[in-house]
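K.L.:
One structure follows; several queries about it will come next.
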Amino acid sequence: MKKLIVNQKYNGKKLNTFLLKTMPNLSSNLFYKTLRKKDIKVNGKRISENIILHENDEILVYIADYLLERDIQLDIVFEDENILILNKPYNLEVTGENSLTSLVHQNDKDNNFKPMPCHRIDRNTTGLVLFAKNEEALTILLNKFKQHEIEKHYLALVYGVPKNSFQRCEAYLFKEHKKSLVYISDCYKKGYQKIITTYHVLETYDNNTSLLDVEIETGKTHQIRAHLAHLGYPIIGDRKIWYQ
């Protein structure tokens, strides 16, 4: 997070002019993406418009430091001639502008085939992402994910202690795109999609929290976060509000 105060020079100027001049490593694309997500505050209020600033306005910009670095070092966990496994940091999307994929492509400019991700994890989730380095590997890996031959495990620190150390849970999820809300139901409703989430309790703590190993047989939007919250075990630090 960056905190900036508008000086007299930028009184009456637009927000983008001030930030792009004040933060030299901030690209125009990253600025507008941050603005759309309301990750910029002016005088304590989140904004989504390129507003006019006034002297002494306080600007808070919620952008991870590594996104503003000129040379970002990729955290490579494993690599051979066919695959690349990276540890994705927090607050970075897997695909799109200024994403993990775009960083991989910047670091691999010489090859005709650019490594492609075989799956995704949420922007605010850290963890391993598997890339294919050629067409054959991409086809094989995508098929293995589709056939559930590759297991994906997620660690979730949650409020509450489940009664059962292992549980396979089924429910139905509906995402309302306009309001960006997720609804979970125990029974089928029109427009809802079935979700299956399995968890193992790895650790329990005295402060009524638990560490879970979570697997999903279905990969719906925000499935883990929403389903665990629905079950009564919301992820610690998750500010999203889920409805049912």
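Every chain in the structure tokens takes a letter, A first, then B, and so on in the order presented; its residues are numbered from 1, and the ligands are numbered from 1 following the presented order.
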List as a ChimeraX atom specification the protein and nucleic acid residues near Gly237 (chain A), meaning an atom at most 10 Å away when only C-alpha atoms are counted, but skip any in the same chain fewer than 3 places from it.

P.N.:
/A:157-159,234,240

K.L.:
Apply DSSP to the structure's backbone, then extract all residues of region 208-244 of chain A labelled alpha helix (DSSP H) and return them as a ChimeraX atom specification.

P.N.:
/A:223-231

K.L.:
Write the residues of the selection above to a file with C-alpha atoms, as a short mmCIF file (atom, residue, chain, number, x, y, z; two decimals), in the first residue's frame.

P.N.:
```cif
data_model
loop_
_atom_site.label_atom_id
_atom_site.label_comp_id
_atom_site.auth_asym_id
_atom_site.auth_seq_id
_atom_site.Cartn_x
_atom_site.Cartn_y
_atom_site.Cartn_z
CA GLN A 223 -16.24 -22.29 -4.46
CA ILE A 224 -13.93 -22.93 -1.52
CA ARG A 225 -14.49 -19.55 0.12
CA ALA A 226 -18.25 -19.61 -0.34
CA HIS A 227 -18.80 -23.26 0.52
CA LEU A 228 -16.70 -23.16 3.70
CA ALA A 229 -18.51 -20.00 4.82
CA HIS A 230 -21.83 -21.73 4.15
CA LEU A 231 -20.72 -24.68 6.27
#
```

K.L.:
Return the single residue from A:Ala137, A:Leu19, A:Ile216, A:Leu130 that is closest to Lys194 (chain A), with distances computed using only C-alpha atoms.

P.N.:
A:Ile216

K.L.:
So which residues touch Glu97 (chain A) within 12 Å, counting only C-alpha atoms, skipping near sequence neighbours fewer than 6 positions away, as a list in words?

P.N.:
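So, after excluding close chain neighbours, the residues are Ser27, Ser28, Asn29, Leu30, Phe31, Tyr32, Lys33, Thr34, Leu67, Leu103, Val104, His105 and Gln106 of chain A.
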
K.L.:
How about saving the chosen residues, C-alpha atoms kept, as a compact mmCIF listing (two decimals), in the first residue's frame?

P.N.:
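Saved result, selection_35.txt, follows:
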```txt
# COMPACT_ATOMS: atom_id res chain seq x y z
CA SER A 27 1.74 1.62 -15.95
CA SER A 28 -1.43 3.10 -17.36
CA ASN A 29 -2.97 -0.38 -17.68
CA LEU A 30 -2.24 -1.20 -14.05
CA PHE A 31 -3.65 2.15 -12.92
CA TYR A 32 -7.01 1.63 -14.66
CA LYS A 33 -7.20 -1.99 -13.50
CA THR A 34 -6.60 -0.87 -9.91
CA LEU A 67 3.84 -5.14 -9.33
CA LEU A 103 5.40 -12.14 -16.46
CA VAL A 104 6.28 -15.64 -17.65
CA HIS A 105 6.00 -14.50 -21.27
CA GLN A 106 8.22 -11.48 -20.63
```

K.L.:
From a DSSP pass on the backbone, collect the residues of region 17-244 of chain A flagged as strand (DSSP E) and hand them back as a PyMOL selection string.

P.N.:
chain A and resi 40-42+45-47+58-61+76-79+83-88+116-117+127-132+154-159+166-176+181-185+193-205+209-216

K.L.:
Store the residues picked out above, limited to C-alpha atoms, as a CSV table (one decimal), in the first residue's frame.

P.N.:
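Below is the file that was written, again39.csv:
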```csv
chain,number,residue,atom,x,y,z
A,40,ILE,CA,-7.6,3.4,-4.6
A,41,LYS,CA,-8.9,5.6,-1.8
A,42,VAL,CA,-9.1,9.4,-1.9
A,45,LYS,CA,-13.2,6.8,0.2
A,46,ARG,CA,-12.8,4.0,-2.4
A,47,ILE,CA,-13.2,5.4,-5.9
A,58,GLU,CA,-4.7,11.9,0.8
A,59,ILE,CA,-4.3,9.0,-1.7
A,60,LEU,CA,-4.0,5.4,-0.7
A,61,VAL,CA,-3.1,3.0,-3.5
A,76,ILE,CA,10.3,-21.3,-9.8
A,77,VAL,CA,9.6,-24.4,-7.9
A,78,PHE,CA,10.3,-26.9,-10.7
A,79,GLU,CA,11.1,-26.8,-14.4
A,83,ILE,CA,6.5,-28.1,-17.5
A,84,LEU,CA,7.1,-25.1,-15.3
A,85,ILE,CA,5.8,-24.8,-11.8
A,86,LEU,CA,5.7,-21.4,-10.1
A,87,ASN,CA,4.7,-20.2,-6.7
A,88,LYS,CA,2.2,-17.5,-7.3
A,116,MET,CA,0.6,-21.5,-20.8
A,117,PRO,CA,-1.2,-22.1,-17.4
A,127,GLY,CA,0.2,-21.3,-4.3
A,128,LEU,CA,1.6,-23.5,-7.1
A,129,VAL,CA,0.5,-22.9,-10.7
A,130,LEU,CA,1.4,-25.4,-13.4
A,131,PHE,CA,2.4,-24.2,-16.9
A,132,ALA,CA,2.9,-26.3,-20.0
A,154,TYR,CA,-5.6,-26.0,-0.8
A,155,LEU,CA,-4.7,-25.0,2.7
A,156,ALA,CA,-7.4,-22.9,4.4
A,157,LEU,CA,-7.1,-21.4,7.9
A,158,VAL,CA,-10.7,-21.0,9.1
A,159,TYR,CA,-12.8,-20.0,12.0
A,166,PHE,CA,-13.0,-35.6,7.2
A,167,GLN,CA,-16.1,-34.5,5.2
A,168,ARG,CA,-17.2,-34.6,1.6
A,169,CYS,CA,-19.8,-31.8,1.1
A,170,GLU,CA,-22.3,-31.2,-1.7
A,171,ALA,CA,-24.2,-28.1,-2.3
A,172,TYR,CA,-25.3,-25.7,-5.1
A,173,LEU,CA,-23.8,-22.4,-6.1
A,174,PHE,CA,-25.2,-19.5,-8.1
A,175,LYS,CA,-23.2,-16.4,-9.0
A,176,GLU,CA,-25.0,-13.1,-9.7
A,181,LEU,CA,-22.5,-12.0,-5.2
A,182,VAL,CA,-22.4,-15.8,-4.6
A,183,TYR,CA,-25.3,-17.7,-3.3
A,184,ILE,CA,-25.1,-21.3,-1.8
A,185,SER,CA,-28.0,-23.6,-1.3
A,193,GLN,CA,-24.7,-25.4,-10.2
A,194,LYS,CA,-23.6,-28.4,-8.2
A,195,ILE,CA,-20.4,-28.1,-6.2
A,196,ILE,CA,-18.5,-30.8,-4.3
A,197,THR,CA,-15.9,-29.8,-1.6
A,198,THR,CA,-13.9,-32.2,0.5
A,199,TYR,CA,-11.9,-31.2,3.6
A,200,HIS,CA,-9.5,-32.8,6.0
A,201,VAL,CA,-8.7,-31.2,9.4
A,202,LEU,CA,-5.0,-30.9,9.7
A,203,GLU,CA,-4.7,-28.9,12.9
A,204,THR,CA,-7.0,-27.4,15.5
A,205,TYR,CA,-6.1,-24.5,17.7
A,209,THR,CA,-9.7,-22.0,14.5
A,210,SER,CA,-8.6,-24.9,12.2
A,211,LEU,CA,-6.2,-25.6,9.4
A,212,LEU,CA,-8.0,-27.5,6.6
A,213,ASP,CA,-6.7,-29.4,3.6
A,214,VAL,CA,-9.4,-28.7,1.0
A,215,GLU,CA,-10.0,-30.4,-2.4
A,216,ILE,CA,-12.7,-29.5,-4.9
```

K.L.:
In Å, with one decimal, what is the gap from CA of Ile5 (chain A) to CA of Arg239 (chain A)?

P.N.:
27.3 Å

K.L.:
Using only C-alpha atoms, which protein or nucleic acid residues come within 6 Å of region 13-16 of chain A? Drop anything in the same chain fewer than 2 positions from it, and give the result as a list in words.

P.N.:
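Listing them by chain and then by number gives Tyr10, Asn11, Phe18, Leu19, Leu20, Asn50, Ile51, Ile52 and Leu53 of chain A.
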
K.L.:
Keeping only N, CA and C atoms, write the selected residues as an mmCIF file, in the first residue's frame.

P.N.:
```
data_model
loop_
_atom_site.group_PDB
_atom_site.id
_atom_site.type_symbol
_atom_site.label_atom_id
_atom_site.label_comp_id
_atom_site.auth_asym_id
_atom_site.auth_seq_id
_atom_site.Cartn_x
_atom_site.Cartn_y
_atom_site.Cartn_z
ATOM 1 N N TYR A 10 -0.209 19.613 -8.407
ATOM 2 C CA TYR A 10 -1.233 18.763 -9.013
ATOM 3 C C TYR A 10 -2.649 19.154 -8.584
ATOM 4 N N ASN A 11 -2.791 20.325 -7.967
ATOM 5 C CA ASN A 11 -4.118 20.823 -7.612
ATOM 6 C C ASN A 11 -4.947 21.037 -8.882
ATOM 7 N N PHE A 18 -1.520 12.522 -11.672
ATOM 8 C CA PHE A 18 -0.754 12.572 -10.422
ATOM 9 C C PHE A 18 -0.035 11.250 -10.148
ATOM 10 N N LEU A 19 -0.757 10.133 -10.252
ATOM 11 C CA LEU A 19 -0.163 8.847 -9.900
ATOM 12 C C LEU A 19 0.890 8.396 -10.905
ATOM 13 N N LEU A 20 0.640 8.600 -12.194
ATOM 14 C CA LEU A 20 1.604 8.159 -13.204
ATOM 15 C C LEU A 20 2.896 8.970 -13.141
ATOM 16 N N ASN A 50 -11.727 8.357 -12.544
ATOM 17 C CA ASN A 50 -10.510 9.159 -12.663
ATOM 18 C C ASN A 50 -10.828 10.606 -12.284
ATOM 19 N N ILE A 51 -10.904 10.875 -10.993
ATOM 20 C CA ILE A 51 -11.425 12.148 -10.489
ATOM 21 C C ILE A 51 -10.381 13.261 -10.495
ATOM 22 N N ILE A 52 -10.861 14.482 -10.287
ATOM 23 C CA ILE A 52 -10.002 15.649 -10.129
ATOM 24 C C ILE A 52 -9.524 15.731 -8.679
ATOM 25 N N LEU A 53 -8.240 16.010 -8.503
ATOM 26 C CA LEU A 53 -7.658 16.091 -7.170
ATOM 27 C C LEU A 53 -7.469 17.536 -6.725
#
```
